[in-house]
Amino acid sequence: MEKKKFETNAIRTQTERSPHGEHAVPIYTTSSFVFDDAEDARAQFASEKEGDIYTRYSNPNNNEMIAKLCQMEGTEDGFATASGMAAMFTSIAAFVSSGDHILASRSLFGSTHQILTQIMPKWGVTHTYVDVNTPIEEWEQHIRPETKMIFVETPSNPALDILDLSALGQLAEKHQLILNVDNCFATPYLQNPAEFGAHIVTHSATKFLDGQGRTIAGVILGKAELIEKVRFFGRHTGPALSPFNGWIISKSLETLAVRMDRHCANALRMAEILEENEEINWVKYPHLPSHPQYALAKKQMKLGGGIVSFEIKGGVERGRRFLDSLKMLSLTANLGDSRSIATHPASTTHSKLSPEERAVVGITDGLIRISCGLEHIDDISADILQAIEASNEIIA
Ligand SMILES: *Cc1c(COP(=O)(O)O)cnc(C)c1O
């Protein structure tokens with residue numbers, strides 16, 4: 001097959017047409033699939049013949065979504081899950097046994113942190129956290145004979161720190177570990193961890209892959225022999241994605257490139273505008289020259305992403321007033337939506353951590369995270385700037 005570009009594959013990869021000749025792919029809402037005869041049934045169950053048997057195992061809509069994502073990420077195979085967290089958990093649980101150890105970046109999505117600290121230890125799987133700005137040589141010191149996996153997220157949420165994927169890829173290779181990268185913030189359009197040596201790439205498809213805040217979904221991608229283990233685990237434990245949600249994500253992938261171009265352009269402009277504002281202590285955006293890992297972000301990410309973090313002067317109280325002063329941006333627990341979203345981690349998602357614990361992962365009291373949507377940048381920036389001003393007046 002002739003090698004086509006990212007955008008073209010995202011649009012032209014399609015489940016085989018039915019006898020009805022539909023143009024857009026239908027939704028295959030069926031629990032199971034019919035065998036031709038007894039021999040066909042036997043051969044499919046024996047994995048001698050490919051085919052969909054039961055939607056907990058696979059389904060044409062989910063297969064299409066996976067095929068597109070494999071082309072985008074440069075991976076061989078994948079398994080679709082009912083949520084991003086089902087993808088995170090399955091991609092860990094499928095590979096570890098009691099006594100194993102996971103080396104992870106400390107800056108992880110909240111529920112991933114709960115899996116490593118509260119859930120995996122119940123089955124005797126331990127972990128060591130490394131801070132994001134720790135040099136890779138120091139990561140190596142934490143590798144033990146029982147270490148099985150390195151789990152990271154880059155850029156991190158919400159501090160937008162960047163980890164060196166190629167150095168981590170080499171470290172994993174040297175010690176024969178599985179490098180598992182949650183690529184949710186970057187999306188496959190901006191960053192392909194497999195290119196740098198990641199063996200498993202995980203996504204919350206709920207975010208930019210859907211892009212319109214309509215559904216919850218996840219995916220695990222990687223080398224065929226590793227996905228075989230994931231598929232075994234998933235097939236028997238049941239985190240399968242519903243075909244309807246697989247259909248939504250697959251359709252959304254058709255517009256991922258154009259959407260991400262605009263998300264990133266809006267976010268970069270917003271970051272530049274905020275950097276000039278006197279009420280802001282600092283702005284963090286991967287492709288802003290002031291980002292501490294700007295060169296690395298330029299090297300491994302095509303564009304800077306759709307998320308901007310900044311610190312507003314005045315701590316927790318000012319942060320809360322800022323949110324209350326917004327007129328257009330949504331206050332909601334999501335990101336990667338066509339609608340711009342503002343969050344204040346210190347008073348919400350990370351409020352259970354002590355200020356010291358928050359500081360370790362770069363979350364200061366005044367930190368605000370903006371998921372830049374697809375509204376006109378002039379309207380996004382006008383709302384943010386008026387809220388900065390309104391939240392300040394209350395102090396005076
Ligand atoms: C949202 C998110 C998840 C969890 O995904 P769900 O689809 O909400 O289950 C995992 N990792 C990152 C980085 C996320 O942003």
# chains A, B, ... in the order shown; residues from 1 in each chain; ligands from 1
call {"tool": "residues_near_ligand", "arguments": {"ligand": "ligand 1", "cutoff": "8 Å", "atoms": "only C-alpha atoms and all ligand atoms", "output": "PyMOL selection string"}}
result
chain A and resi 82-88+108-112+153+156-157+182-185+203-207+216-218+334-335
call {"tool": "write_last_selection", "arguments": {"atoms": "N, CA and C atoms", "output": "compact mmCIF listing (two decimals), in the first residue's frame"}}
result
# COMPACT_ATOMS: atom_id res chain seq x y z
N ALA A 82 -12.84 1.18 27.72
CA ALA A 82 -14.00 2.00 28.05
C ALA A 82 -13.64 3.36 28.62
N SER A 83 -12.40 3.54 29.06
CA SER A 83 -11.97 4.85 29.57
C SER A 83 -10.46 4.92 29.50
N GLY A 84 -9.94 6.11 29.68
CA GLY A 84 -8.48 6.26 29.75
C GLY A 84 -7.93 5.48 30.93
N MET A 85 -8.65 5.51 32.06
CA MET A 85 -8.14 4.79 33.24
C MET A 85 -8.14 3.27 33.03
N ALA A 86 -9.14 2.77 32.29
CA ALA A 86 -9.12 1.33 31.98
C ALA A 86 -7.88 1.02 31.15
N ALA A 87 -7.50 1.95 30.29
CA ALA A 87 -6.27 1.75 29.48
C ALA A 87 -5.04 1.76 30.38
N MET A 88 -4.97 2.73 31.32
CA MET A 88 -3.81 2.81 32.21
C MET A 88 -3.71 1.53 33.05
N LEU A 108 1.96 12.39 37.66
CA LEU A 108 1.03 11.53 36.93
C LEU A 108 -0.39 12.02 37.14
N PHE A 109 -1.26 11.62 36.22
CA PHE A 109 -2.68 11.88 36.35
C PHE A 109 -3.16 11.29 37.69
N GLY A 110 -4.07 12.00 38.39
CA GLY A 110 -4.49 11.62 39.73
C GLY A 110 -4.87 10.16 39.90
N SER A 111 -5.68 9.62 39.01
CA SER A 111 -6.13 8.23 39.17
C SER A 111 -5.00 7.24 38.88
N THR A 112 -4.06 7.60 38.04
CA THR A 112 -2.90 6.73 37.80
C THR A 112 -2.08 6.65 39.08
N GLU A 153 4.33 10.24 31.89
CA GLU A 153 3.41 11.11 31.18
C GLU A 153 4.20 12.34 30.76
N SER A 156 3.52 16.76 31.42
CA SER A 156 2.80 16.35 32.62
C SER A 156 1.61 17.28 32.88
N ASN A 157 0.69 16.76 33.67
CA ASN A 157 -0.53 17.48 34.01
C ASN A 157 -0.46 17.88 35.48
N ASP A 182 1.92 7.55 28.76
CA ASP A 182 0.58 8.13 28.63
C ASP A 182 0.74 9.37 27.74
N ASN A 183 0.28 9.26 26.50
CA ASN A 183 0.51 10.32 25.50
C ASN A 183 -0.72 11.22 25.31
N CYS A 184 -1.54 11.27 26.34
CA CYS A 184 -2.82 11.99 26.27
C CYS A 184 -2.66 13.47 25.96
N PHE A 185 -1.75 14.15 26.65
CA PHE A 185 -1.64 15.60 26.47
C PHE A 185 -1.12 15.98 25.09
N HIS A 203 -3.58 6.13 25.93
CA HIS A 203 -4.30 7.39 25.76
C HIS A 203 -5.61 7.38 26.52
N SER A 204 -5.96 8.55 27.07
CA SER A 204 -7.35 8.81 27.39
C SER A 204 -7.90 9.42 26.11
N ALA A 205 -8.74 8.68 25.38
CA ALA A 205 -9.32 9.19 24.13
C ALA A 205 -10.43 10.19 24.40
N THR A 206 -10.80 10.29 25.70
CA THR A 206 -11.81 11.24 26.17
C THR A 206 -11.42 12.69 25.85
N LYS A 207 -10.13 12.95 25.79
CA LYS A 207 -9.64 14.32 25.70
C LYS A 207 -9.58 14.77 24.23
N ILE A 216 -16.31 8.98 26.96
CA ILE A 216 -15.17 8.49 27.72
C ILE A 216 -14.62 7.28 26.95
N ALA A 217 -13.32 7.26 26.73
CA ALA A 217 -12.72 6.14 25.98
C ALA A 217 -11.22 6.12 26.22
N GLY A 218 -10.60 4.97 25.92
CA GLY A 218 -9.15 4.87 26.05
C GLY A 218 -8.59 3.88 25.06
N ASN A 334 -12.52 18.54 32.72
CA ASN A 334 -12.12 17.88 31.46
C ASN A 334 -11.09 18.77 30.77
N LEU A 335 -10.54 18.28 29.68
CA LEU A 335 -9.62 19.07 28.86
C LEU A 335 -9.69 18.51 27.45
call {"tool": "closest_residue", "arguments": {"among": "A:Arg214, A:Arg369, A:Lys302, A:Arg235", "to": "A:Val283", "atoms": "only C-alpha atoms"}}
result
A:Arg369
call {"tool": "closest_residue", "arguments": {"among": "A:Ala257, A:Ile249, A:Lys68, A:Gly213", "to": "A:Ile341", "atoms": "only C-alpha atoms"}}
result
A:Gly213
call {"tool": "closest_residue", "arguments": {"among": "A:Val181, A:Leu268, A:Ile384, A:Leu226", "to": "A:Asp324", "atoms": "only C-alpha atoms"}}
result
A:Ile384
call {"tool": "residues_around", "arguments": {"residues": "stretch 5-11 of chain A", "least_positions_apart": "3", "cutoff": "12 Å", "atoms": "only C-alpha atoms", "output": "PyMOL selection string"}}
result
chain A and resi 1-2+14-15+23-25+64-74+188-190+209+249-261
call {"tool": "write_last_selection", "arguments": {"atoms": "N, CA, C and O atoms", "output": "compact mmCIF listing (two decimals), in the first residue's frame"}}
result
# COMPACT_ATOMS: atom_id res chain seq x y z
N MET A 1 0.85 -1.21 0.00
CA MET A 1 0.00 0.00 0.00
C MET A 1 0.88 1.25 0.00
O MET A 1 1.86 1.32 0.73
N GLU A 2 0.50 2.20 -0.80
CA GLU A 2 1.21 3.48 -0.89
C GLU A 2 1.11 4.19 0.46
O GLU A 2 0.07 4.20 1.09
N GLN A 14 -10.92 2.90 6.77
CA GLN A 14 -12.34 2.68 7.06
C GLN A 14 -12.69 1.20 7.04
O GLN A 14 -12.19 0.45 6.21
N THR A 15 -13.56 0.82 7.94
CA THR A 15 -14.10 -0.54 7.97
C THR A 15 -14.70 -0.86 6.60
O THR A 15 -15.33 0.00 5.99
N HIS A 23 -21.52 5.45 2.89
CA HIS A 23 -20.28 6.24 2.76
C HIS A 23 -19.62 6.37 4.12
O HIS A 23 -18.46 6.05 4.29
N ALA A 24 -20.39 6.88 5.11
CA ALA A 24 -19.86 6.95 6.48
C ALA A 24 -20.06 5.58 7.13
O ALA A 24 -21.05 4.90 6.87
N VAL A 25 -19.14 5.22 7.98
CA VAL A 25 -19.20 3.88 8.58
C VAL A 25 -20.37 3.74 9.56
O VAL A 25 -20.65 4.67 10.32
N GLU A 64 -11.53 -0.14 13.73
CA GLU A 64 -11.22 0.99 12.85
C GLU A 64 -10.49 2.09 13.62
O GLU A 64 -9.48 2.63 13.16
N MET A 65 -10.99 2.37 14.81
CA MET A 65 -10.34 3.38 15.66
C MET A 65 -8.89 2.97 15.97
O MET A 65 -7.96 3.78 15.86
N ILE A 66 -8.69 1.68 16.28
CA ILE A 66 -7.34 1.20 16.60
C ILE A 66 -6.44 1.27 15.38
O ILE A 66 -5.28 1.69 15.47
N ALA A 67 -6.98 0.89 14.21
CA ALA A 67 -6.16 0.91 12.98
C ALA A 67 -5.67 2.32 12.70
O ALA A 67 -4.50 2.54 12.35
N LYS A 68 -6.55 3.31 12.88
CA LYS A 68 -6.14 4.70 12.64
C LYS A 68 -5.06 5.12 13.64
O LYS A 68 -4.06 5.73 13.28
N LEU A 69 -5.28 4.78 14.92
CA LEU A 69 -4.33 5.20 15.95
C LEU A 69 -2.97 4.52 15.78
O LEU A 69 -1.94 5.13 16.05
N CYS A 70 -2.97 3.27 15.29
CA CYS A 70 -1.70 2.59 15.03
C CYS A 70 -0.92 3.30 13.93
O CYS A 70 0.28 3.48 14.03
N GLN A 71 -1.63 3.73 12.89
CA GLN A 71 -0.95 4.47 11.82
C GLN A 71 -0.39 5.78 12.36
O GLN A 71 0.71 6.19 12.03
N MET A 72 -1.17 6.44 13.22
CA MET A 72 -0.75 7.74 13.77
C MET A 72 0.45 7.61 14.70
O MET A 72 1.33 8.46 14.71
N GLU A 73 0.45 6.56 15.53
CA GLU A 73 1.51 6.40 16.54
C GLU A 73 2.70 5.59 16.04
O GLU A 73 3.74 5.55 16.69
N GLY A 74 2.53 4.90 14.90
CA GLY A 74 3.60 4.03 14.42
C GLY A 74 3.72 2.78 15.27
O GLY A 74 4.82 2.32 15.56
N PRO A 188 -1.22 11.77 19.27
CA PRO A 188 -0.27 11.24 18.27
C PRO A 188 0.07 12.25 17.18
O PRO A 188 1.03 12.05 16.44
N TYR A 189 -0.68 13.32 17.07
CA TYR A 189 -0.36 14.32 16.04
C TYR A 189 0.90 15.10 16.41
O TYR A 189 1.66 15.53 15.55
N LEU A 190 1.14 15.28 17.71
CA LEU A 190 2.28 16.09 18.15
C LEU A 190 3.49 15.27 18.56
O LEU A 190 4.62 15.75 18.51
N LEU A 209 -8.67 13.35 21.52
CA LEU A 209 -9.02 12.41 20.46
C LEU A 209 -10.51 12.51 20.16
O LEU A 209 -10.91 12.54 19.00
N ILE A 249 -15.06 8.20 18.48
CA ILE A 249 -13.63 8.52 18.48
C ILE A 249 -13.05 8.38 17.07
O ILE A 249 -12.29 9.23 16.61
N SER A 250 -13.44 7.32 16.38
CA SER A 250 -12.90 7.11 15.04
C SER A 250 -13.29 8.26 14.10
O SER A 250 -12.46 8.74 13.33
N LYS A 251 -14.52 8.71 14.18
CA LYS A 251 -14.93 9.87 13.36
C LYS A 251 -14.15 11.11 13.76
O LYS A 251 -13.72 11.89 12.92
N SER A 252 -13.95 11.29 15.05
CA SER A 252 -13.22 12.47 15.54
C SER A 252 -11.78 12.48 15.05
O SER A 252 -11.21 13.55 14.82
N LEU A 253 -11.19 11.30 14.92
CA LEU A 253 -9.79 11.25 14.48
C LEU A 253 -9.61 11.84 13.08
O LEU A 253 -8.54 12.31 12.73
N GLU A 254 -10.69 11.84 12.30
CA GLU A 254 -10.64 12.43 10.95
C GLU A 254 -10.23 13.91 11.01
O GLU A 254 -9.64 14.43 10.08
N THR A 255 -10.59 14.58 12.10
CA THR A 255 -10.31 16.02 12.20
C THR A 255 -9.23 16.34 13.24
O THR A 255 -9.01 17.50 13.55
N LEU A 256 -8.54 15.30 13.74
CA LEU A 256 -7.56 15.55 14.81
C LEU A 256 -6.48 16.56 14.38
O LEU A 256 -6.17 17.50 15.12
N ALA A 257 -5.94 16.39 13.18
CA ALA A 257 -4.83 17.26 12.74
C ALA A 257 -5.27 18.73 12.66
O ALA A 257 -4.60 19.60 13.21
N VAL A 258 -6.41 18.99 12.03
CA VAL A 258 -6.84 20.40 11.92
C VAL A 258 -7.21 20.97 13.28
O VAL A 258 -6.91 22.12 13.58
N ARG A 259 -7.83 20.14 14.11
CA ARG A 259 -8.19 20.64 15.44
C ARG A 259 -6.94 20.95 16.25
O ARG A 259 -6.85 21.98 16.91
N MET A 260 -5.96 20.02 16.22
CA MET A 260 -4.75 20.25 17.03
C MET A 260 -3.98 21.48 16.55
O MET A 260 -3.42 22.22 17.35
N ASP A 261 -3.94 21.69 15.23
CA ASP A 261 -3.26 22.89 14.72
C ASP A 261 -3.87 24.13 15.37
O ASP A 261 -3.16 25.03 15.79
call {"tool": "residues_around", "arguments": {"residues": "A:Gln176", "least_positions_apart": "5", "cutoff": "10 Å", "atoms": "only C-alpha atoms", "output": "list in words"}}
result
Thr147, Lys148, Met149, Gln170 and Leu171 of chain A
call {"tool": "write_last_selection", "arguments": {"atoms": "all heavy atoms", "output": "PDB file, in the first residue's frame"}}
result
ATOM      1  N   THR A 147      12.289  -4.714  38.744  1.00  0.00           N
ATOM      2  CA  THR A 147      11.601  -3.660  37.991  1.00  0.00           C
ATOM      3  C   THR A 147      11.176  -4.205  36.627  1.00  0.00           C
ATOM      4  O   THR A 147      11.952  -4.846  35.938  1.00  0.00           O
ATOM      5  CB  THR A 147      12.523  -2.422  37.816  1.00  0.00           C
ATOM      6  OG1 THR A 147      12.992  -2.028  39.112  1.00  0.00           O
ATOM      7  CG2 THR A 147      11.780  -1.264  37.185  1.00  0.00           C
ATOM      8  N   LYS A 148       9.908  -3.927  36.293  1.00  0.00           N
ATOM      9  CA  LYS A 148       9.335  -4.448  35.040  1.00  0.00           C
ATOM     10  C   LYS A 148       9.010  -3.339  34.049  1.00  0.00           C
ATOM     11  O   LYS A 148       9.053  -3.539  32.845  1.00  0.00           O
ATOM     12  CB  LYS A 148       7.998  -5.164  35.357  1.00  0.00           C
ATOM     13  CG  LYS A 148       8.080  -6.653  35.546  1.00  0.00           C
ATOM     14  CD  LYS A 148       8.118  -7.373  34.213  1.00  0.00           C
ATOM     15  CE  LYS A 148       8.568  -8.809  34.325  1.00  0.00           C
ATOM     16  NZ  LYS A 148       7.733  -9.599  35.224  1.00  0.00           N
ATOM     17  N   MET A 149       8.640  -2.184  34.587  1.00  0.00           N
ATOM     18  CA  MET A 149       8.058  -1.154  33.720  1.00  0.00           C
ATOM     19  C   MET A 149       8.484   0.242  34.156  1.00  0.00           C
ATOM     20  O   MET A 149       8.684   0.489  35.347  1.00  0.00           O
ATOM     21  CB  MET A 149       6.521  -1.269  33.794  1.00  0.00           C
ATOM     22  CG  MET A 149       5.750  -0.266  32.969  1.00  0.00           C
ATOM     23  SD  MET A 149       3.957  -0.522  33.069  1.00  0.00           S
ATOM     24  CE  MET A 149       3.739  -1.845  31.888  1.00  0.00           C
ATOM     25  N   GLN A 170      16.149   4.653  25.820  1.00  0.00           N
ATOM     26  CA  GLN A 170      17.451   3.976  25.920  1.00  0.00           C
ATOM     27  C   GLN A 170      17.607   3.266  27.256  1.00  0.00           C
ATOM     28  O   GLN A 170      18.133   2.155  27.322  1.00  0.00           O
ATOM     29  CB  GLN A 170      18.583   4.982  25.726  1.00  0.00           C
ATOM     30  CG  GLN A 170      18.738   5.407  24.273  1.00  0.00           C
ATOM     31  CD  GLN A 170      19.623   6.628  24.116  1.00  0.00           C
ATOM     32  OE1 GLN A 170      20.439   6.932  24.988  1.00  0.00           O
ATOM     33  NE2 GLN A 170      19.456   7.338  23.013  1.00  0.00           N
ATOM     34  N   LEU A 171      17.128   3.936  28.316  1.00  0.00           N
ATOM     35  CA  LEU A 171      17.212   3.330  29.651  1.00  0.00           C
ATOM     36  C   LEU A 171      16.383   2.042  29.709  1.00  0.00           C
ATOM     37  O   LEU A 171      16.836   1.017  30.242  1.00  0.00           O
ATOM     38  CB  LEU A 171      16.707   4.342  30.694  1.00  0.00           C
ATOM     39  CG  LEU A 171      16.813   3.926  32.158  1.00  0.00           C
ATOM     40  CD1 LEU A 171      18.273   3.807  32.583  1.00  0.00           C
ATOM     41  CD2 LEU A 171      16.091   4.935  33.056  1.00  0.00           C
TER      42      LEU A 171
END
call {"tool": "select_by_dssp", "arguments": {"residues": "stretch 22-260 of chain A", "states": "strand (DSSP E or B)", "output": "VMD selection string"}}
result
chain A and resid 32 54 77 to 81 101 to 105 126 to 130 147 to 153 178 to 182 200 to 204 218 to 222 240
call {"tool": "select_by_dssp", "arguments": {"residues": "stretch 123-328 of chain A", "states": "alpha helix (DSSP H)", "output": "ChimeraX atom specification"}}
result
/A:136-141,165-174,187-190,224-237,243-253,256-275,294-300,315-325
call {"tool": "atom_distance", "arguments": {"atom1": "atom CA of A:Ser98", "atom2": "atom CA of A:Pro145"}}
result
13.7 Å
call {"tool": "residues_around", "arguments": {"residues": "stretch 386-388 of chain A", "least_positions_apart": "6", "cutoff": "9 Å", "atoms": "only C-alpha atoms", "output": "list in words"}}
result
Glu279, Ile280, Ile312, Arg318, Arg321, Phe322, Leu323, Asp324, Ser325, Leu326 and Lys327 of chain A
call {"tool": "write_last_selection", "arguments": {"atoms": "N, CA, C and O atoms", "output": "PDB file, in the first residue's frame"}}
result
ATOM      1  N   GLU A 279      -0.039  40.738  36.310  1.00  0.00           N
ATOM      2  CA  GLU A 279      -0.675  39.985  37.401  1.00  0.00           C
ATOM      3  C   GLU A 279      -0.276  38.508  37.388  1.00  0.00           C
ATOM      4  O   GLU A 279      -0.743  37.729  38.216  1.00  0.00           O
ATOM      5  N   ILE A 280       0.564  38.134  36.425  1.00  0.00           N
ATOM      6  CA  ILE A 280       0.943  36.736  36.253  1.00  0.00           C
ATOM      7  C   ILE A 280       2.409  36.568  36.629  1.00  0.00           C
ATOM      8  O   ILE A 280       3.270  37.284  36.129  1.00  0.00           O
ATOM      9  N   ILE A 312      -1.177  32.901  38.830  1.00  0.00           N
ATOM     10  CA  ILE A 312      -1.736  34.234  39.059  1.00  0.00           C
ATOM     11  C   ILE A 312      -1.275  34.685  40.445  1.00  0.00           C
ATOM     12  O   ILE A 312      -1.153  33.873  41.370  1.00  0.00           O
ATOM     13  N   ARG A 318      -7.099  34.119  45.252  1.00  0.00           N
ATOM     14  CA  ARG A 318      -7.148  34.814  43.951  1.00  0.00           C
ATOM     15  C   ARG A 318      -7.488  33.818  42.837  1.00  0.00           C
ATOM     16  O   ARG A 318      -8.248  34.130  41.919  1.00  0.00           O
ATOM     17  N   ARG A 321     -11.138  33.305  42.913  1.00  0.00           N
ATOM     18  CA  ARG A 321     -11.845  34.489  42.398  1.00  0.00           C
ATOM     19  C   ARG A 321     -11.700  34.593  40.881  1.00  0.00           C
ATOM     20  O   ARG A 321     -12.636  34.988  40.188  1.00  0.00           O
ATOM     21  N   PHE A 322     -10.512  34.218  40.388  1.00  0.00           N
ATOM     22  CA  PHE A 322     -10.294  34.228  38.938  1.00  0.00           C
ATOM     23  C   PHE A 322     -11.331  33.327  38.253  1.00  0.00           C
ATOM     24  O   PHE A 322     -11.980  33.724  37.295  1.00  0.00           O
ATOM     25  N   LEU A 323     -11.483  32.108  38.774  1.00  0.00           N
ATOM     26  CA  LEU A 323     -12.453  31.176  38.179  1.00  0.00           C
ATOM     27  C   LEU A 323     -13.861  31.761  38.225  1.00  0.00           C
ATOM     28  O   LEU A 323     -14.616  31.678  37.263  1.00  0.00           O
ATOM     29  N   ASP A 324     -14.214  32.368  39.367  1.00  0.00           N
ATOM     30  CA  ASP A 324     -15.555  32.934  39.514  1.00  0.00           C
ATOM     31  C   ASP A 324     -15.783  34.137  38.595  1.00  0.00           C
ATOM     32  O   ASP A 324     -16.926  34.495  38.318  1.00  0.00           O
ATOM     33  N   SER A 325     -14.708  34.758  38.142  1.00  0.00           N
ATOM     34  CA  SER A 325     -14.853  35.952  37.300  1.00  0.00           C
ATOM     35  C   SER A 325     -14.941  35.623  35.815  1.00  0.00           C
ATOM     36  O   SER A 325     -15.233  36.497  34.994  1.00  0.00           O
ATOM     37  N   LEU A 326     -14.667  34.374  35.443  1.00  0.00           N
ATOM     38  CA  LEU A 326     -14.728  34.002  34.021  1.00  0.00           C
ATOM     39  C   LEU A 326     -16.177  34.034  33.543  1.00  0.00           C
ATOM     40  O   LEU A 326     -17.088  33.617  34.260  1.00  0.00           O
ATOM     41  N   LYS A 327     -16.379  34.539  32.327  1.00  0.00           N
ATOM     42  CA  LYS A 327     -17.745  34.623  31.794  1.00  0.00           C
ATOM     43  C   LYS A 327     -18.002  33.586  30.715  1.00  0.00           C
ATOM     44  O   LYS A 327     -19.118  33.128  30.540  1.00  0.00           O
TER      45      LYS A 327
END
call {"tool": "closest_residue", "arguments": {"among": "A:Phe208, A:Trp247, A:Trp139, A:Phe151", "to": "A:Gly306", "atoms": "only C-alpha atoms"}}
result
A:Phe208
call {"tool": "residues_around", "arguments": {"residues": "A:Gly124", "least_positions_apart": "4", "cutoff": "9 Å", "atoms": "only C-alpha atoms", "output": "PyMOL selection string"}}
result
chain A and resi 97-101+120
call {"tool": "closest_residue", "arguments": {"among": "A:Ile102, A:Ile53, A:Leu374, A:Ile368", "to": "A:Arg262", "atoms": "only C-alpha atoms"}}
result
A:Leu374
call {"tool": "atom_distance", "arguments": {"atom1": "atom CA of A:Ile273", "atom2": "atom CA of A:Pro355"}}
result
28.2 Å
call {"tool": "closest_residue", "arguments": {"among": "A:Pro158, A:Leu116, A:Gln44, A:Phe232", "to": "A:Thr349", "atoms": "only C-alpha atoms"}}
result
A:Pro158
call {"tool": "atom_distance", "arguments": {"atom1": "atom CA of A:Ser290", "atom2": "atom CA of A:Glu275"}}
result
9.4 Å
call {"tool": "residues_around", "arguments": {"residues": "A:Glu228", "least_positions_apart": "6", "cutoff": "12 Å", "atoms": "only C-alpha atoms", "output": "ChimeraX atom specification"}}
result
/A:47,57,76-79,91,94-95,200,220-222,234-235
